[in-house]
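One file, upload.cif, is given below (mmCIF, C-alpha atoms and all ligand atoms).
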```
data_my_file
#
loop_
_atom_site.label_atom_id
_atom_site.label_comp_id
_atom_site.auth_asym_id
_atom_site.auth_seq_id
_atom_site.Cartn_x
_atom_site.Cartn_y
_atom_site.Cartn_z
CA MET A 1 -3.22 -19.12 16.60
CA ARG A 2 -4.87 -16.51 14.39
CA TRP A 3 -4.03 -17.44 10.77
CA ILE A 4 -2.72 -13.97 9.90
CA ASP A 5 -0.32 -13.99 12.87
CA GLY A 6 1.31 -17.22 11.66
CA LEU A 7 1.86 -16.08 8.08
CA GLU A 8 5.30 -14.46 8.40
CA ALA A 9 6.80 -17.57 10.01
CA ALA A 10 5.04 -19.91 7.59
CA ALA A 11 6.37 -17.88 4.65
CA GLY A 12 9.85 -18.20 6.16
CA GLU A 13 9.59 -21.99 5.70
CA LYS A 14 9.08 -21.54 1.97
CA LEU A 15 11.13 -18.50 0.95
CA PRO A 16 14.89 -18.25 0.44
CA GLU A 17 16.35 -16.58 3.54
CA ALA A 18 17.43 -13.48 1.60
CA VAL A 19 13.91 -12.94 0.22
CA HIS A 20 12.24 -13.45 3.60
CA ARG A 21 14.65 -10.95 5.13
CA TYR A 22 14.09 -8.47 2.28
CA PHE A 23 10.32 -8.61 2.74
CA ARG A 24 10.61 -8.19 6.52
CA GLN A 25 13.29 -5.58 6.81
CA GLY A 26 13.13 -1.85 7.42
CA ALA A 27 15.77 0.78 6.75
CA ALA A 28 18.80 1.52 8.92
CA GLY A 29 18.23 0.76 12.62
CA GLY A 30 14.69 -0.52 12.13
CA ILE A 31 12.93 1.97 14.42
CA SER A 32 10.02 2.78 12.08
CA VAL A 33 9.40 -0.79 10.95
CA GLY A 34 9.47 -1.87 14.58
CA GLU A 35 6.94 0.72 15.77
CA ALA A 36 4.35 0.50 13.02
CA VAL A 37 2.01 -2.17 14.37
CA ALA A 38 2.16 -1.06 18.01
CA ALA A 39 1.30 2.53 17.03
CA TRP A 40 -2.25 1.46 16.15
CA SER A 41 -2.63 0.34 19.77
CA GLU A 42 -2.21 3.93 20.93
CA TYR A 43 -5.91 4.42 20.24
CA ARG A 44 -8.86 3.26 22.28
CA PHE A 45 -12.43 2.99 21.05
CA ARG A 46 -15.47 4.73 22.49
CA PRO A 47 -18.10 2.24 21.30
CA ARG A 48 -21.70 3.24 20.74
CA VAL A 49 -24.46 1.09 22.23
CA LEU A 50 -28.09 0.52 21.32
CA THR A 51 -27.59 0.97 17.60
CA ASP A 52 -29.02 -1.55 15.15
CA VAL A 53 -26.02 -3.46 13.81
CA SER A 54 -27.97 -6.40 12.42
CA THR A 55 -26.51 -5.55 9.02
CA VAL A 56 -23.07 -4.07 8.50
CA ASP A 57 -21.95 -2.71 5.14
CA LEU A 58 -18.23 -2.67 4.27
CA THR A 59 -18.57 -1.44 0.70
CA THR A 60 -17.10 1.83 -0.46
CA THR A 61 -15.47 3.44 -3.49
CA VAL A 62 -11.80 4.26 -3.90
CA LEU A 63 -11.36 7.13 -6.36
CA GLY A 64 -14.66 6.09 -7.82
CA VAL A 65 -13.92 2.36 -8.09
CA PRO A 66 -16.35 0.25 -6.03
CA VAL A 67 -14.77 -2.24 -3.60
CA ASP A 68 -16.40 -4.77 -1.26
CA VAL A 69 -14.02 -4.08 1.58
CA PRO A 70 -11.82 -1.08 2.53
CA VAL A 71 -8.64 -3.19 2.60
CA LEU A 72 -6.46 -2.78 -0.51
CA VAL A 73 -3.09 -4.31 -1.34
CA ALA A 74 -0.05 -2.01 -1.33
CA PRO A 75 2.47 -2.12 -4.21
CA THR A 76 5.42 -4.40 -3.50
CA THR A 77 8.25 -5.93 -5.53
CA LEU A 78 9.49 -9.49 -6.01
CA GLN A 79 6.07 -11.13 -5.99
CA ARG A 80 7.35 -13.85 -8.33
CA GLN A 81 9.71 -14.86 -5.54
CA ALA A 82 6.67 -15.37 -3.33
CA ASP A 83 4.66 -17.31 -5.91
CA PRO A 84 5.58 -18.49 -9.41
CA ASP A 85 2.64 -16.54 -10.80
CA GLY A 86 3.63 -13.43 -8.85
CA GLU A 87 1.52 -10.40 -9.61
CA LEU A 88 -1.00 -12.49 -11.57
CA ALA A 89 -1.76 -14.59 -8.49
CA MET A 90 -1.84 -11.46 -6.34
CA ALA A 91 -4.28 -9.78 -8.71
CA ALA A 92 -6.52 -12.85 -8.88
CA GLY A 93 -6.57 -13.14 -5.09
CA VAL A 94 -7.38 -9.47 -4.61
CA GLY A 95 -10.09 -9.62 -7.26
CA ALA A 96 -11.75 -12.63 -5.65
CA ALA A 97 -11.97 -10.63 -2.41
CA GLY A 98 -13.59 -7.70 -4.25
CA SER A 99 -10.70 -5.36 -3.60
CA LEU A 100 -8.10 -3.35 -5.54
CA LEU A 101 -4.38 -3.75 -5.93
CA GLY A 102 -1.36 -1.48 -6.16
CA VAL A 103 1.21 -2.62 -8.72
CA SER A 104 4.86 -1.68 -8.28
CA SER A 105 6.63 -0.01 -11.20
CA ASN A 106 9.31 -2.63 -10.51
CA ALA A 107 6.81 -5.48 -11.02
CA GLY A 108 7.98 -8.80 -12.44
CA THR A 109 4.92 -9.08 -14.72
CA THR A 110 3.82 -6.84 -17.56
CA PHE A 111 1.09 -4.33 -16.83
CA GLY A 112 -0.91 -5.69 -19.76
CA ALA A 113 -0.95 -9.19 -18.26
CA ILE A 114 -1.87 -7.87 -14.82
CA GLY A 115 -4.67 -5.79 -16.30
CA ALA A 116 -5.99 -8.83 -18.18
CA VAL A 117 -6.77 -10.52 -14.84
CA GLY A 118 -9.62 -8.04 -14.52
CA THR A 119 -8.96 -6.84 -10.97
CA PRO A 120 -8.94 -3.04 -10.66
CA TRP A 121 -5.40 -1.78 -10.09
CA TRP A 122 -3.38 1.36 -9.51
CA LEU A 123 0.08 1.84 -10.96
CA GLN A 124 2.73 2.83 -8.41
CA ILE A 125 5.36 4.95 -10.13
CA TYR A 126 8.84 5.98 -9.18
CA VAL A 127 9.74 8.97 -11.33
CA VAL A 128 13.30 8.26 -12.41
CA ARG A 129 16.13 10.46 -13.68
CA ASN A 130 15.45 9.54 -17.29
CA ARG A 131 11.89 10.81 -17.66
CA ASP A 132 11.42 8.97 -20.98
CA ILE A 133 11.52 5.71 -19.05
CA THR A 134 8.85 6.98 -16.66
CA LEU A 135 6.71 8.06 -19.62
CA ARG A 136 7.02 4.64 -21.26
CA MET A 137 5.89 2.96 -18.06
CA LEU A 138 2.95 5.33 -17.68
CA ASP A 139 1.83 4.63 -21.25
CA ALA A 140 2.08 0.88 -20.68
CA ALA A 141 0.06 1.18 -17.49
CA VAL A 142 -2.66 3.22 -19.18
CA ALA A 143 -2.81 0.62 -21.96
CA GLY A 144 -3.07 -2.08 -19.28
CA GLY A 145 -6.09 -0.39 -17.73
CA ALA A 146 -4.63 1.18 -14.58
CA ARG A 147 -7.28 3.20 -12.74
CA ALA A 148 -4.92 5.66 -11.04
CA VAL A 149 -1.26 6.56 -10.66
CA VAL A 150 0.35 6.35 -7.24
CA LEU A 151 3.40 8.58 -7.11
CA THR A 152 5.82 7.35 -4.46
CA ALA A 153 7.20 10.58 -3.03
CA ASP A 154 9.23 9.32 -0.08
CA THR A 155 12.08 7.93 -2.16
CA PRO A 156 14.39 10.65 -3.52
CA VAL A 157 17.05 8.09 -2.64
CA VAL A 158 16.53 4.47 -1.63
CA GLY A 159 16.65 3.87 2.13
CA ARG A 160 19.71 1.94 3.27
CA LYS A 161 19.10 -1.60 4.43
CA GLU A 162 21.72 -3.07 6.73
CA ASP A 163 21.95 -6.59 5.35
CA ASP A 164 23.73 -9.24 7.34
CA GLY A 165 23.50 -12.01 4.77
CA PRO A 166 23.56 -12.54 1.03
CA SER A 167 21.81 -9.81 -0.94
CA VAL A 168 18.39 -10.58 -2.35
CA TRP A 169 19.55 -9.23 -5.71
CA GLU A 170 22.21 -11.91 -6.11
CA GLY A 171 20.99 -14.68 -8.38
CA LEU A 172 17.59 -13.09 -8.92
CA PRO A 173 16.13 -14.10 -12.30
CA PRO A 174 16.29 -10.92 -14.44
CA ASP A 175 12.61 -11.04 -15.35
CA HIS A 176 11.53 -10.96 -11.69
CA LEU A 177 12.02 -7.20 -11.66
CA LEU A 178 11.35 -4.47 -14.20
CA ALA A 179 9.28 -6.67 -16.50
CA ASN A 180 7.90 -3.49 -17.99
CA LEU A 181 11.22 -2.34 -19.43
CA ASP A 182 13.51 -3.87 -22.01
CA ASP A 183 17.18 -4.19 -21.05
CA ASP A 184 18.16 -1.80 -23.83
CA ASP A 185 15.67 0.82 -22.60
CA TYR A 186 18.05 2.16 -19.98
CA GLY A 187 21.67 2.74 -19.14
CA ASP A 188 23.76 3.77 -16.13
CA GLY A 189 21.94 6.14 -13.78
CA ASP A 190 18.74 6.23 -15.85
CA LEU A 191 16.78 4.35 -13.21
CA ASP A 192 18.06 6.36 -10.25
CA LYS A 193 15.14 7.91 -8.45
CA ALA A 194 14.51 11.55 -9.33
CA ASP A 195 15.58 13.70 -6.37
CA ASP A 196 14.35 17.01 -7.78
CA LEU A 197 10.58 16.48 -7.70
CA THR A 198 8.17 19.25 -6.73
CA PRO A 199 4.35 19.25 -6.59
CA ASP A 200 4.33 20.13 -10.31
CA VAL A 201 4.99 16.47 -11.03
CA ILE A 202 1.42 15.69 -9.98
CA GLY A 203 -0.03 17.67 -12.90
CA TRP A 204 2.55 16.19 -15.26
CA LEU A 205 1.48 12.65 -14.33
CA ALA A 206 -2.22 13.47 -14.53
CA GLU A 207 -1.87 15.13 -17.91
CA ARG A 208 0.14 12.31 -19.43
CA THR A 209 -2.15 9.56 -18.24
CA GLY A 210 -5.57 11.17 -17.88
CA LEU A 211 -5.76 9.31 -14.56
CA PRO A 212 -6.21 10.50 -10.99
CA VAL A 213 -2.92 10.81 -9.10
CA LEU A 214 -2.31 9.78 -5.49
CA VAL A 215 0.81 10.79 -3.61
CA LYS A 216 2.25 8.03 -1.42
CA GLY A 217 4.52 8.72 1.50
CA VAL A 218 2.82 11.80 2.97
CA LEU A 219 3.29 12.16 6.74
CA ARG A 220 2.50 15.86 7.32
CA GLY A 221 -0.61 17.99 7.01
CA ASP A 222 1.18 20.80 5.17
CA ASP A 223 2.52 18.38 2.56
CA ALA A 224 -0.94 16.85 2.14
CA LYS A 225 -2.33 20.32 1.44
CA ARG A 226 0.45 21.06 -1.10
CA CYS A 227 -0.43 17.82 -2.89
CA SER A 228 -4.13 18.62 -2.86
CA ASP A 229 -3.53 22.16 -4.11
CA ALA A 230 -1.43 20.72 -6.94
CA GLY A 231 -4.30 18.49 -8.03
CA ALA A 232 -3.72 15.20 -6.20
CA ALA A 233 -6.87 13.09 -6.11
CA GLY A 234 -5.58 11.26 -3.07
CA VAL A 235 -2.72 10.89 -0.62
CA ILE A 236 -1.46 7.74 1.02
CA VAL A 237 -0.16 8.30 4.53
CA SER A 238 2.84 5.97 4.51
CA ASN A 239 6.40 5.67 5.70
CA HIS A 240 7.04 2.96 3.09
CA GLY A 241 6.71 0.22 5.68
CA GLY A 242 9.69 1.70 7.57
CA ARG A 243 11.94 1.17 4.55
CA GLN A 244 12.84 4.80 3.82
CA LEU A 245 13.70 7.40 6.52
CA ASP A 246 14.27 5.42 9.68
CA GLY A 247 12.70 7.15 12.65
CA ALA A 248 9.91 8.60 10.49
CA ILE A 249 6.77 8.81 12.61
CA PRO A 250 4.27 5.94 12.57
CA THR A 251 1.43 6.37 10.12
CA ALA A 252 -1.09 5.86 12.93
CA GLN A 253 0.30 9.06 14.42
CA ALA A 254 0.48 11.02 11.14
CA LEU A 255 -3.00 10.17 9.87
CA PRO A 256 -5.10 12.58 12.02
CA GLU A 257 -2.98 15.60 10.98
CA VAL A 258 -3.24 14.69 7.29
CA ALA A 259 -6.99 14.07 7.51
CA ALA A 260 -7.49 17.42 9.25
CA ALA A 261 -5.45 19.25 6.59
CA LEU A 262 -7.58 17.76 3.81
CA ALA A 263 -10.97 18.27 5.47
CA GLY A 264 -13.26 20.12 3.07
CA THR A 265 -11.28 19.07 -0.02
CA THR A 266 -12.09 16.24 -2.42
CA THR A 267 -8.65 14.69 -1.95
CA GLU A 268 -9.09 11.18 -0.55
CA VAL A 269 -6.94 9.89 2.31
CA TYR A 270 -5.50 6.39 2.49
CA VAL A 271 -3.02 4.86 4.93
CA ASP A 272 -0.65 1.91 5.11
CA GLY A 273 1.90 0.60 7.58
CA GLY A 274 1.52 -2.01 10.30
CA ILE A 275 -2.15 -2.74 9.67
CA ARG A 276 -2.65 -6.33 10.79
CA ARG A 277 -6.12 -6.50 12.37
CA GLY A 278 -9.70 -5.46 11.76
CA GLU A 279 -9.44 -3.14 14.76
CA HIS A 280 -6.52 -1.35 13.08
CA VAL A 281 -8.64 -0.88 9.95
CA MET A 282 -11.51 0.48 12.04
CA ALA A 283 -9.17 2.93 13.81
CA ALA A 284 -7.70 4.09 10.49
CA LEU A 285 -11.13 4.72 8.98
CA ALA A 286 -12.34 6.50 12.11
CA LEU A 287 -9.26 8.74 11.89
CA GLY A 288 -10.21 9.76 8.36
CA ALA A 289 -8.85 7.15 5.94
CA ARG A 290 -11.15 6.00 3.14
CA ALA A 291 -9.41 2.62 3.00
CA VAL A 292 -6.17 1.03 4.17
CA LEU A 293 -3.47 -0.86 2.27
CA VAL A 294 -1.51 -3.88 3.48
CA GLY A 295 1.99 -4.67 2.21
CA ARG A 296 3.88 -7.47 3.94
CA PRO A 297 0.81 -9.49 5.01
CA ALA A 298 -0.15 -9.80 1.34
CA LEU A 299 3.35 -11.03 0.45
CA TRP A 300 3.21 -13.59 3.26
CA ALA A 301 -0.26 -14.75 2.23
CA LEU A 302 0.81 -15.02 -1.42
CA THR A 303 3.81 -17.09 -0.39
CA VAL A 304 1.86 -19.41 1.87
CA ASP A 305 -1.20 -20.08 -0.27
CA GLY A 306 -0.98 -18.20 -3.56
CA SER A 307 -4.04 -16.32 -4.73
CA ALA A 308 -6.28 -18.18 -2.25
CA GLY A 309 -4.08 -16.93 0.57
CA VAL A 310 -4.43 -13.33 -0.59
CA THR A 311 -8.20 -13.70 -0.81
CA ARG A 312 -8.32 -15.18 2.68
CA LEU A 313 -6.16 -12.37 4.10
CA ILE A 314 -8.45 -9.63 2.78
CA THR A 315 -11.60 -11.55 3.66
CA ASP A 316 -10.39 -12.27 7.20
CA LEU A 317 -9.49 -8.61 7.76
CA GLY A 318 -12.92 -7.65 6.40
CA ASP A 319 -14.62 -10.16 8.74
CA GLU A 320 -12.66 -8.78 11.69
CA LEU A 321 -13.60 -5.24 10.70
CA GLU A 322 -17.27 -6.18 10.44
CA HIS A 323 -17.14 -7.82 13.87
CA ALA A 324 -15.41 -4.80 15.41
CA MET A 325 -17.93 -2.44 13.81
CA ARG A 326 -20.81 -4.42 15.35
CA LEU A 327 -19.17 -4.16 18.75
CA ALA A 328 -18.57 -0.43 18.25
CA GLY A 329 -22.12 0.32 17.08
CA ALA A 330 -21.17 1.24 13.49
CA ARG A 331 -23.29 0.02 10.60
CA THR A 332 -21.52 1.60 7.64
CA LEU A 333 -18.05 2.97 7.01
CA ALA A 334 -19.55 6.46 7.20
CA ASP A 335 -20.34 5.72 10.85
CA LEU A 336 -16.60 5.44 11.56
CA THR A 337 -15.97 8.97 12.75
CA PRO A 338 -13.23 10.47 14.96
CA ASP A 339 -15.45 10.54 18.07
CA LEU A 340 -15.24 6.74 18.04
CA LEU A 341 -11.64 6.99 19.22
CA THR A 342 -9.53 8.50 21.90
CA ARG A 343 -5.79 8.36 22.49
CA ARG A 344 -4.71 5.94 25.19
CA SER A 345 -4.10 7.96 28.35
C1 LIG B 1 9.14 -6.11 0.06
C2 LIG B 1 8.51 -4.76 -0.11
C3 LIG B 1 8.60 -4.12 -1.34
C4 LIG B 1 8.02 -2.86 -1.51
N1 LIG B 1 8.07 -2.28 -2.76
C5 LIG B 1 7.49 -1.07 -2.94
C6 LIG B 1 7.50 -0.45 -4.23
O1 LIG B 1 8.00 -0.99 -5.20
N2 LIG B 1 6.92 0.78 -4.33
C7 LIG B 1 6.34 1.42 -3.26
O2 LIG B 1 5.83 2.54 -3.38
N3 LIG B 1 6.30 0.83 -2.05
C8 LIG B 1 6.84 -0.39 -1.87
N4 LIG B 1 6.78 -0.97 -0.63
C9 LIG B 1 6.03 -0.30 0.47
C10 LIG B 1 4.56 -0.75 0.49
O3 LIG B 1 3.86 -0.25 -0.62
C11 LIG B 1 3.84 -0.26 1.75
O4 LIG B 1 4.01 1.14 1.88
C12 LIG B 1 4.27 -0.93 3.05
O5 LIG B 1 4.67 -2.25 2.83
C13 LIG B 1 3.13 -0.89 4.06
O6 LIG B 1 3.51 -1.40 5.29
P1 LIG B 1 3.19 -2.90 5.78
O7 LIG B 1 4.13 -3.79 5.05
O8 LIG B 1 3.47 -2.82 7.25
O9 LIG B 1 1.74 -3.21 5.49
C14 LIG B 1 7.37 -2.23 -0.43
C15 LIG B 1 7.27 -2.89 0.81
C16 LIG B 1 7.83 -4.13 0.97
C17 LIG B 1 7.69 -4.82 2.30
#
```
Show the structure stored in the file as structure tokens.
Amino acid sequence: MRWIDGLEAAAGEKLPEAVHRYFRQGAAGGISVGEAVAAWSEYRFRPRVLTDVSTVDLTTTVLGVPVDVPVLVAPTTLQRQADPDGELAMAAGVGAAGSLLGVSSNAGTTFGAIGAVGTPWWLQIYVVRNRDITLRMLDAAVAGGARAVVLTADTPVVGRKEDDGPSVWEGLPPDHLLANLDDDDYGDGDLDKADDLTPDVIGWLAERTGLPVLVKGVLRGDDAKRCSDAGAAGVIVSNHGGRQLDGAIPTAQALPEVAAALAGTTTEVYVDGGIRRGEHVMAALALGARAVLVGRPALWALTVDGSAGVTRLITDLGDELEHAMRLAGARTLADLTPDLLTRRS
């Protein structure tokens, strides 16, 4: 069996049931989480022949940061449940693969310690009701060397999960979440997600941090354009791994519309959700993404083999991408253009 395909089950042997379920689950009836992977199979390639593919180059830049492979790690919580070293092991694994990592604002490790690993990272931020808390987190992330701010925009309220077992939050060590806040930093309601955000928040984040801002959770071309007009340096086409609005369209379907809306702008396009194979990465890049992000596979890999597992995941996906590019007649990521694809008839 392909190593990546066995990871979820192998992680299930090591994780408490509630954590395994939390990592796996989607919101509500599970439509979006269930469709994500299959949606990438809606595309078919139109490979080019008789091109010299004796060397294939996977390198690119993401908001100016060079990476060896266009597969980044999406921000996720509870990494210390997956591995005792949590985000530190994730960062080390990503760095060894020459990639970049998203760090959740709910991380279980301080931003300073994550930054000290030396792997380039983006801070994912939830803007919360008490904006002072958000500002403190932003300052800590800047001090820890974050290269960009990823504003998660699909979470004005947290998607409902229909648990049928003990909650993951029961018995969780307090320092496995929110390591970047002190307990006396916040009170009741302070950490509720802000539900009154408008595109103005993009400028507010950029001004406070001096960093480029990406908006995560964009599924429509018109929203992508609003973000770009408001100064976003990038958008991440995402439905939060199916954990927010259930029934939200698959990212594989949303990506072409977003890429078309941003054509001719400098706003970079990224995508996550259900990306499990090199062919999925190739399809995403051909549809206009600059790089992809993987969420659950990185958690499984971290659980199964710590930082080495994360390195192997990214390296394997890069090897698969390289192989697929050879077969498709593409030598560089710039050769991955929309004409390489068609929708399955
Ligand atoms: C366990 C888990 C925790 C997550 N935590 C966050 C988070 O804190 N912030 C955020 O913006 N997205 C979060 N996400 C969403 C991921 O960043 C990403 O959008 C999604 O996992 C991509 O889909 P994939 O898991 O199919 O690769 C989380 C996802 C999972 C599975």
**Message:** For region 302-316 of chain A, find every residue with an atom within 6 Å (counting only C-alpha atoms), except residues of its own chain fewer than 5 positions away, and show them as a count of residues only.
**Reply:** 9
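Computed from the coordinates, the CA of Asp223 (chain A) to CA of Pro70 (chain A) distance equals 24.2 Å.
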**Asked** Of the candidates A:Leu205, A:Leu78, A:Ala334, A:Val215, which one gets nearest to Phe23 (chain A) if we count all atoms listed in the file?
**Response** A:Leu78
**Expected selection as a PyMOL selection string for ligand LIG 1 (chain B) within 9 Å, only C-alpha atoms and all ligand atoms** = chain A and resi 19-26+33+36-37+73-79+102-107+124-126+150-155+216-217+236-243+271-276+293-299
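CA of Pro256 (chain A) to CA of Leu287 (chain A) spans 5.7 Å [interatomic distance, one decimal].
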**Request:** Mind checking which residues fall within 12 Å of region 324-326 of chain A, counting only C-alpha atoms, ignoring those fewer than 3 positions away in the same chain, and posting them as a ChimeraX atom specification?
**Result:** /A:45-58,277-283,285-286,317-321,329-337,340
Within 7 Å of region 127-135 of chain A, which residues of region 190-227 of chain A show up? Give each one with its shortest atom-to-atom distance in Å (one decimal) and the two atoms involved, counting all atoms listed in the file, rows by chain then rising residue number, as CSV.
```
residue,atom,partner,partner_atom,distance
A:Asp190,CA,A:Asn130,CA,4.9
A:Leu191,CA,A:Val128,CA,5.3
A:Asp192,CA,A:Val128,CA,5.6
A:Lys193,CA,A:Val128,CA,4.4
A:Ala194,CA,A:Val128,CA,4.7
```
Those residues with C-alpha atoms, as a compact mmCIF listing (two decimals), in the frame of the given file please?
```
# COMPACT_ATOMS: atom_id res chain seq x y z
CA ASP A 190 18.74 6.23 -15.85
CA LEU A 191 16.78 4.35 -13.21
CA ASP A 192 18.06 6.36 -10.25
CA LYS A 193 15.14 7.91 -8.45
CA ALA A 194 14.51 11.55 -9.33
```
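Using all atoms listed in the file, the shortest contact distance between Gly144 (chain A) and any of A:Gln253, A:Asn180, A:Thr267, A:Thr342 is found at A:Asn180.
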**Shortest interatomic distance to Glu162 (chain A) - which of A:Gly29, A:Pro212, A:Ala248, A:Met1, counting only C-alpha atoms** = A:Gly29
**Request:** May I have the residues within 7 Å of Leu88 (chain A) as a ChimeraX atom specification, using all atoms listed in the file and disregarding those fewer than 3 positions away in the same chain?
**Result:** /A:85,91-92,114,117
What does the file look like for those residues with C-alpha atoms, as a PDB file, in the frame of the given file?
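The result, stored in part13.pdb:
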```pdb
ATOM      1  CA  ASP A  85       2.640 -16.540 -10.800  1.00  0.00           C
ATOM      2  CA  ALA A  91      -4.280  -9.780  -8.710  1.00  0.00           C
ATOM      3  CA  ALA A  92      -6.520 -12.850  -8.880  1.00  0.00           C
ATOM      4  CA  ILE A 114      -1.870  -7.870 -14.820  1.00  0.00           C
ATOM      5  CA  VAL A 117      -6.770 -10.520 -14.840  1.00  0.00           C
TER       6      VAL A 117
END
```
**Request:** Between A:Ala39, A:Leu214, A:Cys227, A:Val292, single out the one closest to Ala254 (chain A), counting all atoms listed in the file.
**Result:** A:Ala39
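Using all atoms listed in the file, the residues found no farther than 12 Å from Ala260 (chain A), other than those of its own chain fewer than 6 positions away, are Arg220, Gly221, Asp222, Ala224, Lys225, Ala254, Thr267, Glu268, Val269, Leu287, Gly288, Ala289 and Pro338 of chain A.
Across A:Glu35, A:Asp5, A:Asp139, A:Asp68, the tightest approach to Thr209 (chain A) is made by A:Asp139 when counting only C-alpha atoms.
Between CA of Ala291 (chain A) and CA of Leu327 (chain A) the interatomic distance comes to 19.7 Å.
Counting all atoms listed in the file, the residue from A:Asp200, A:Asp229, A:Thr109, A:Leu72 that sits nearest to Pro174 (chain A) is A:Thr109.
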**Item:** Spatial neighbours of Glu42 (chain A), max dist 8 Å, all atoms listed in the file, sep filter under 2 positions, as number ranges by chain
**Value:** A: 38-40, 44, 343-344
I need the residues from that last selection saved to file as a short mmCIF file (atom, residue, chain, number, x, y, z; two decimals), in the coordinates of the input (with C-alpha atoms), if you can.
```
data_model
loop_
_atom_site.label_atom_id
_atom_site.label_comp_id
_atom_site.auth_asym_id
_atom_site.auth_seq_id
_atom_site.Cartn_x
_atom_site.Cartn_y
_atom_site.Cartn_z
CA ALA A 38 2.16 -1.06 18.01
CA ALA A 39 1.30 2.53 17.03
CA TRP A 40 -2.25 1.46 16.15
CA ARG A 44 -8.86 3.26 22.28
CA ARG A 343 -5.79 8.36 22.49
CA ARG A 344 -4.71 5.94 25.19
#
```
